[in-house]
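Okay, coords17.pdb now, which holds PDB, C-alpha atoms, pLDDT in the B column:
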ATOM      1  CA  ARG A   1       0.000   0.000   0.000  1.00 43.00           C
ATOM      2  CA  GLU A   2       1.152   3.575  -0.671  1.00 47.00           C
ATOM      3  CA  THR A   3       2.097   5.423   2.512  1.00 49.00           C
ATOM      4  CA  ASN A   4       4.387   8.233   3.581  1.00 62.00           C
ATOM      5  CA  PHE A   5       7.064   5.592   3.310  1.00 59.00           C
ATOM      6  CA  GLY A   6       6.167   4.525  -0.253  1.00 72.00           C
ATOM      7  CA  VAL A   7       5.210   0.929  -0.940  1.00 82.00           C
ATOM      8  CA  ILE A   8       5.469  -1.546   1.922  1.00 89.00           C
ATOM      9  CA  HIS A   9       5.955  -5.185   0.920  1.00 91.00           C
ATOM     10  CA  ILE A  10       4.743  -7.783   3.399  1.00 92.00           C
ATOM     11  CA  ASP A  11       6.062 -11.303   3.161  1.00 92.00           C
ATOM     12  CA  LYS A  12       3.449 -14.028   3.680  1.00 90.00           C
ATOM     13  CA  ASN A  13       5.235 -15.012   6.913  1.00 92.00           C
ATOM     14  CA  ASN A  14       4.546 -11.519   8.269  1.00 93.00           C
ATOM     15  CA  LEU A  15       0.792 -11.375   7.528  1.00 93.00           C
ATOM     16  CA  ASN A  16      -0.131 -12.354  11.103  1.00 90.00           C
ATOM     17  CA  GLY A  17      -3.254 -14.102   9.808  1.00 89.00           C
ATOM     18  CA  ALA A  18      -4.625 -10.905   8.264  1.00 89.00           C
ATOM     19  CA  PRO A  19      -7.252 -11.593   5.599  1.00 87.00           C
ATOM     20  CA  PHE A  20      -7.194  -9.481   2.433  1.00 85.00           C
ATOM     21  CA  LYS A  21      -9.095  -6.188   2.373  1.00 85.00           C
ATOM     22  CA  MET A  22      -8.864  -5.721   6.142  1.00 90.00           C
ATOM     23  CA  THR A  23      -7.573  -2.652   7.929  1.00 91.00           C
ATOM     24  CA  VAL A  24      -4.322  -3.487   9.681  1.00 92.00           C
ATOM     25  CA  VAL A  25      -1.496  -1.942  11.662  1.00 92.00           C
ATOM     26  CA  CYS A  26       1.836  -2.518   9.976  1.00 91.00           C
ATOM     27  CA  GLU A  27       5.290  -2.188  11.478  1.00 93.00           C
ATOM     28  CA  VAL A  28       7.889  -1.047   8.945  1.00 92.00           C
ATOM     29  CA  LEU A  29      10.877  -3.329   9.474  1.00 93.00           C
ATOM     30  CA  ASN A  30      13.367  -1.173   7.581  1.00 91.00           C
ATOM     31  CA  PRO A  31      12.237   2.465   7.972  1.00 87.00           C
ATOM     32  CA  ASP A  32      15.684   3.874   7.116  1.00 87.00           C
ATOM     33  CA  ASN A  33      15.789   2.228   3.688  1.00 84.00           C
ATOM     34  CA  THR A  34      16.778   4.880   1.151  1.00 80.00           C
ATOM     35  CA  ASN A  35      15.566   3.122  -2.018  1.00 80.00           C
ATOM     36  CA  LYS A  36      11.914   3.052  -0.833  1.00 78.00           C
ATOM     37  CA  ASP A  37      11.839  -0.768  -0.862  1.00 83.00           C
ATOM     38  CA  PHE A  38      10.186  -1.120   2.509  1.00 91.00           C
ATOM     39  CA  ARG A  39       9.385  -4.392   4.249  1.00 93.00           C
ATOM     40  CA  GLY A  40       6.596  -4.678   6.760  1.00 94.00           C
ATOM     41  CA  LYS A  41       4.991  -6.926   9.318  1.00 96.00           C
ATOM     42  CA  ILE A  42       1.293  -6.906  10.268  1.00 95.00           C
ATOM     43  CA  VAL A  43       1.134  -6.408  14.033  1.00 94.00           C
ATOM     44  CA  GLU A  44      -2.634  -5.978  14.459  1.00 93.00           C
ATOM     45  CA  VAL A  45      -5.740  -6.720  12.419  1.00 93.00           C
ATOM     46  CA  LEU A  46      -8.347  -4.023  13.103  1.00 94.00           C
ATOM     47  CA  GLY A  47     -11.122  -5.378  10.871  1.00 92.00           C
ATOM     48  CA  ASP A  48     -13.300  -4.330   7.960  1.00 90.00           C
ATOM     49  CA  MET A  49     -12.892  -0.639   7.077  1.00 82.00           C
ATOM     50  CA  GLY A  50     -16.656  -0.423   6.419  1.00 83.00           C
ATOM     51  CA  ASN A  51     -17.232  -0.746  10.166  1.00 86.00           C
ATOM     52  CA  ASN A  52     -17.341   2.611  11.975  1.00 81.00           C
ATOM     53  CA  ASP A  53     -15.533   1.239  15.046  1.00 85.00           C
ATOM     54  CA  VAL A  54     -12.713  -0.037  12.824  1.00 90.00           C
ATOM     55  CA  ARG A  55     -12.382   3.354  11.137  1.00 86.00           C
ATOM     56  CA  MET A  56     -12.177   4.982  14.559  1.00 84.00           C
ATOM     57  CA  LEU A  57      -9.577   2.450  15.729  1.00 89.00           C
ATOM     58  CA  SER A  58      -7.489   3.146  12.630  1.00 89.00           C
ATOM     59  CA  VAL A  59      -7.479   6.889  13.400  1.00 85.00           C
ATOM     60  CA  LEU A  60      -6.547   6.185  17.030  1.00 86.00           C
ATOM     61  CA  ARG A  61      -3.659   3.945  15.923  1.00 88.00           C
ATOM     62  CA  GLN A  62      -2.510   6.317  13.180  1.00 86.00           C
ATOM     63  CA  TYR A  63      -2.171   9.258  15.556  1.00 82.00           C
ATOM     64  CA  GLY A  64      -1.153   7.334  18.683  1.00 82.00           C
ATOM     65  CA  LEU A  65      -4.344   8.242  20.589  1.00 82.00           C
ATOM     66  CA  SER A  66      -5.277   6.137  23.596  1.00 85.00           C
ATOM     67  CA  GLN A  67      -8.505   4.150  23.862  1.00 85.00           C
ATOM     68  CA  THR A  68      -8.341   4.028  27.634  1.00 90.00           C
ATOM     69  CA  PHE A  69      -8.164   6.551  30.431  1.00 92.00           C
ATOM     70  CA  PRO A  70      -5.771   6.646  33.400  1.00 94.00           C
ATOM     71  CA  ASP A  71      -7.119   5.249  36.685  1.00 96.00           C
ATOM     72  CA  GLN A  72      -7.050   8.707  38.273  1.00 96.00           C
ATOM     73  CA  VAL A  73      -9.403  10.014  35.545  1.00 95.00           C
ATOM     74  CA  ASN A  74     -11.736   7.040  35.929  1.00 95.00           C
ATOM     75  CA  ASP A  75     -11.824   7.655  39.695  1.00 95.00           C
ATOM     76  CA  GLU A  76     -12.793  11.314  39.147  1.00 93.00           C
ATOM     77  CA  ILE A  77     -15.677  10.515  36.797  1.00 92.00           C
ATOM     78  CA  LYS A  78     -17.118   7.412  38.456  1.00 92.00           C
ATOM     79  CA  ASP A  79     -19.767   9.377  40.367  1.00 87.00           C
ATOM     80  CA  LEU A  80     -20.881  11.583  37.467  1.00 85.00           C
ATOM     81  CA  PRO A  81     -24.461  10.778  36.465  1.00 83.00           C
ATOM     82  CA  VAL A  82     -25.212   9.285  33.066  1.00 82.00           C
ATOM     83  CA  ASN A  83     -28.796  10.520  33.402  1.00 85.00           C
ATOM     84  CA  PRO A  84     -29.315  13.326  35.916  1.00 85.00           C
ATOM     85  CA  ASP A  85     -32.202  12.799  38.312  1.00 90.00           C
ATOM     86  CA  PRO A  86     -35.016  15.393  38.677  1.00 93.00           C
ATOM     87  CA  GLN A  87     -33.537  16.758  41.917  1.00 94.00           C
ATOM     88  CA  MET A  88     -30.187  17.419  40.228  1.00 91.00           C
ATOM     89  CA  ILE A  89     -31.976  19.170  37.352  1.00 92.00           C
ATOM     90  CA  ASP A  90     -33.955  21.348  39.787  1.00 95.00           C
ATOM     91  CA  GLU A  91     -30.737  22.262  41.628  1.00 94.00           C
ATOM     92  CA  GLN A  92     -29.074  23.304  38.360  1.00 92.00           C
ATOM     93  CA  ILE A  93     -32.080  25.462  37.412  1.00 95.00           C
ATOM     94  CA  GLU A  94     -31.930  27.143  40.837  1.00 96.00           C
ATOM     95  CA  LEU A  95     -28.237  27.861  40.185  1.00 94.00           C
ATOM     96  CA  GLY A  96     -29.165  29.758  37.010  1.00 93.00           C
ATOM     97  CA  ARG A  97     -29.413  27.241  34.194  1.00 92.00           C
ATOM     98  CA  ARG A  98     -32.279  27.808  31.766  1.00 92.00           C
ATOM     99  CA  ASP A  99     -34.860  25.047  31.529  1.00 93.00           C
ATOM    100  CA  LEU A 100     -35.460  24.431  27.826  1.00 93.00           C
ATOM    101  CA  ARG A 101     -37.040  20.998  28.166  1.00 91.00           C
ATOM    102  CA  VAL A 102     -40.339  22.274  26.728  1.00 93.00           C
ATOM    103  CA  LEU A 103     -38.629  22.713  23.349  1.00 94.00           C
ATOM    104  CA  LEU A 104     -38.650  19.863  20.841  1.00 93.00           C
ATOM    105  CA  THR A 105     -34.918  19.289  20.571  1.00 95.00           C
ATOM    106  CA  ILE A 106     -33.171  17.155  17.959  1.00 94.00           C
ATOM    107  CA  THR A 107     -29.562  16.045  18.100  1.00 93.00           C
ATOM    108  CA  ILE A 108     -27.369  16.888  15.135  1.00 88.00           C
ATOM    109  CA  ASP A 109     -24.847  14.206  16.082  1.00 86.00           C
ATOM    110  CA  GLY A 110     -24.538  11.313  13.668  1.00 81.00           C
ATOM    111  CA  GLU A 111     -26.180   7.927  13.980  1.00 80.00           C
ATOM    112  CA  ASP A 112     -22.930   6.319  15.176  1.00 74.00           C
ATOM    113  CA  ALA A 113     -22.022   9.120  17.598  1.00 77.00           C
ATOM    114  CA  LYS A 114     -20.698   8.011  20.973  1.00 74.00           C
ATOM    115  CA  ASP A 115     -21.906  11.188  22.651  1.00 79.00           C
ATOM    116  CA  LEU A 116     -24.928  13.333  21.917  1.00 83.00           C
ATOM    117  CA  ASP A 117     -23.625  16.783  22.739  1.00 87.00           C
ATOM    118  CA  ASP A 118     -24.930  19.024  19.949  1.00 91.00           C
ATOM    119  CA  ALA A 119     -28.594  19.692  19.175  1.00 94.00           C
ATOM    120  CA  ILE A 120     -31.024  22.209  17.700  1.00 96.00           C
ATOM    121  CA  SER A 121     -34.553  23.428  18.396  1.00 96.00           C
ATOM    122  CA  ILE A 122     -36.833  25.684  16.374  1.00 95.00           C
ATOM    123  CA  LYS A 123     -39.678  27.728  17.796  1.00 94.00           C
ATOM    124  CA  LYS A 124     -42.206  29.707  15.774  1.00 95.00           C
ATOM    125  CA  LEU A 125     -42.611  33.206  17.172  1.00 96.00           C
ATOM    126  CA  GLN A 126     -45.898  35.129  17.380  1.00 97.00           C
ATOM    127  CA  ASN A 127     -44.829  37.440  14.537  1.00 98.00           C
ATOM    128  CA  GLY A 128     -44.375  34.454  12.179  1.00 97.00           C
ATOM    129  CA  ASN A 129     -40.582  34.393  12.384  1.00 98.00           C
ATOM    130  CA  TYR A 130     -38.653  31.428  13.731  1.00 97.00           C
ATOM    131  CA  LYS A 131     -36.104  31.288  16.519  1.00 96.00           C
ATOM    132  CA  LEU A 132     -33.331  28.710  16.150  1.00 97.00           C
ATOM    133  CA  TYR A 133     -31.693  27.369  19.291  1.00 96.00           C
ATOM    134  CA  VAL A 134     -28.287  25.757  19.007  1.00 96.00           C
ATOM    135  CA  HIS A 135     -27.486  23.569  22.014  1.00 94.00           C
ATOM    136  CA  ILE A 136     -23.888  22.621  22.784  1.00 92.00           C
ATOM    137  CA  ALA A 137     -22.903  20.535  25.793  1.00 88.00           C
ATOM    138  CA  ASP A 138     -21.426  22.494  28.690  1.00 86.00           C
ATOM    139  CA  VAL A 139     -18.298  20.424  29.226  1.00 84.00           C
ATOM    140  CA  SER A 140     -16.931  22.903  31.756  1.00 84.00           C
ATOM    141  CA  ASN A 141     -19.759  21.899  34.103  1.00 82.00           C
ATOM    142  CA  TYR A 142     -18.057  18.513  34.537  1.00 83.00           C
ATOM    143  CA  VAL A 143     -14.389  19.103  33.671  1.00 89.00           C
ATOM    144  CA  ARG A 144     -12.878  21.192  36.444  1.00 90.00           C
ATOM    145  CA  GLU A 145      -9.581  23.021  35.990  1.00 93.00           C
ATOM    146  CA  ASN A 146      -6.361  21.412  37.239  1.00 94.00           C
ATOM    147  CA  THR A 147      -7.839  17.934  37.698  1.00 95.00           C
ATOM    148  CA  ALA A 148      -6.683  14.669  36.170  1.00 95.00           C
ATOM    149  CA  LEU A 149      -9.694  14.860  33.830  1.00 93.00           C
ATOM    150  CA  ASP A 150      -8.685  18.382  32.767  1.00 93.00           C
ATOM    151  CA  ASP A 151      -5.112  17.231  32.116  1.00 93.00           C
ATOM    152  CA  GLU A 152      -6.363  14.291  30.043  1.00 91.00           C
ATOM    153  CA  ALA A 153      -8.760  16.574  28.150  1.00 88.00           C
ATOM    154  CA  ARG A 154      -5.821  18.795  27.191  1.00 88.00           C
ATOM    155  CA  LEU A 155      -4.033  15.751  25.770  1.00 85.00           C
ATOM    156  CA  ARG A 156      -7.158  14.819  23.809  1.00 81.00           C
ATOM    157  CA  GLY A 157      -8.208  18.359  22.954  1.00 77.00           C
ATOM    158  CA  THR A 158      -9.058  17.540  19.358  1.00 70.00           C
ATOM    159  CA  SER A 159     -12.282  15.992  18.176  1.00 67.00           C
ATOM    160  CA  VAL A 160     -11.810  13.277  15.588  1.00 63.00           C
ATOM    161  CA  TYR A 161     -14.534  12.919  12.967  1.00 65.00           C
ATOM    162  CA  VAL A 162     -14.575   9.948  10.622  1.00 62.00           C
ATOM    163  CA  PHE A 163     -16.539  10.459   7.404  1.00 62.00           C
ATOM    164  CA  GLN A 164     -17.634   7.769   5.006  1.00 56.00           C
TER
END
Could you take the file, read its structure, and then write that structure out as structure tokens?
Amino acid sequence: RETNFGVIHIDKNNLNGAPFKMTVVCEVLNPDNTNKDFRGKIVEVLGDMGNNDVRMLSVLRQYGLSQTFPDQVNDEIKDLPVNPDPQMIDEQIELGRRDLRVLLTITIDGEDAKDLDDAISIKKLQNGNYKLYVHIADVSNYVRENTALDDEARLRGTSVYVFQ
């Protein structure tokens, strides 16, 4: 396959059981070769590139991004609610958050999204015009400065979008 290296030839002994047309991670065995005759070894079979999870894994591997979080981060987030209870919602409203639950709200995140953090609502006004609401998750409500989660967020401060 063509890469930044050029063509990488993989001997059948270095296929690591990889079937054809699969997305793989390849180690270049002779990266300093000056004539662009590179040899490689399959070190991991990720799967079929048509699968969204495989595409995401390939991006993670390509850029050296981690799939896991440090224990200290996991400890910090373990008590965060997946679904806030009514009391928590009422407390947040008392602290100044606006309650927009009466609006019909639709996520704009894709079907395969792992987090639903962007949405829109439209409301028809009395004068016939429309008001568009754009809702974006308030990450700062959960990620506090100078915490392990904040440090990890800085390392991962780029969103990765995989398009078909």
Take the PyMOL selection byres ((chain A and resi 45) around 8), apply it to the structure above, and return the hits as a PyMOL selection string. chain A and resi 18+22-25+42-44+46-47
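Here atom CA of A:Ile77 is placed at a distance of 23.0 Å from atom CA of A:His135.
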Between atom CA of A:Asp79 and atom CA of A:Asp53, what distance in Å does the model show, to one decimal?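 Separation of atom CA of A:Asp79 and atom CA of A:Asp53: 26.9 Å.
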Step by step, work through what the PyMOL selection byres ((chain A and resi 7-16) around 12) selects in the shown file, and finish by giving those residues as a PyMOL selection string. chain A and resi 1-6+17-20+22+24-31+33+35-46
Can you pull out every residue within 9 Å of A:Thr107, counting all atoms listed in the file, but drop anything in the same chain fewer than 6 positions away, and send it as a PyMOL selection string? chain A and resi 116-121+135
Using only C-alpha atoms, find all polymer residues with an atom at most 12 Å away from the point (-27.3, 8.1, 29.1); report them as a list in words.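 With a cut-off of 12 Å, the residues come to Leu80, Pro81, Val82, Asn83, Pro84, Asp85, Lys114, Asp115, Leu116 and Asp117 of chain A.
When the PyMOL selection byres ((chain A and resi 138-150) around 9) is run on the displayed coordinates, the residues it returns are Pro70, Gln72, Val73, Asn74, Glu76, Ile77, Leu80, Asp117, Ile136, Ala137, Asp151, Glu152, Ala153, Arg154 and Leu155 of chain A.
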If you measure from atom CA of A:Asn52 to atom CA of A:Ala113, what distance in Å do you get, rounded to one decimal?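 Spanning atom CA of A:Asn52 to atom CA of A:Ala113 is a straight-line distance of 9.8 Å.
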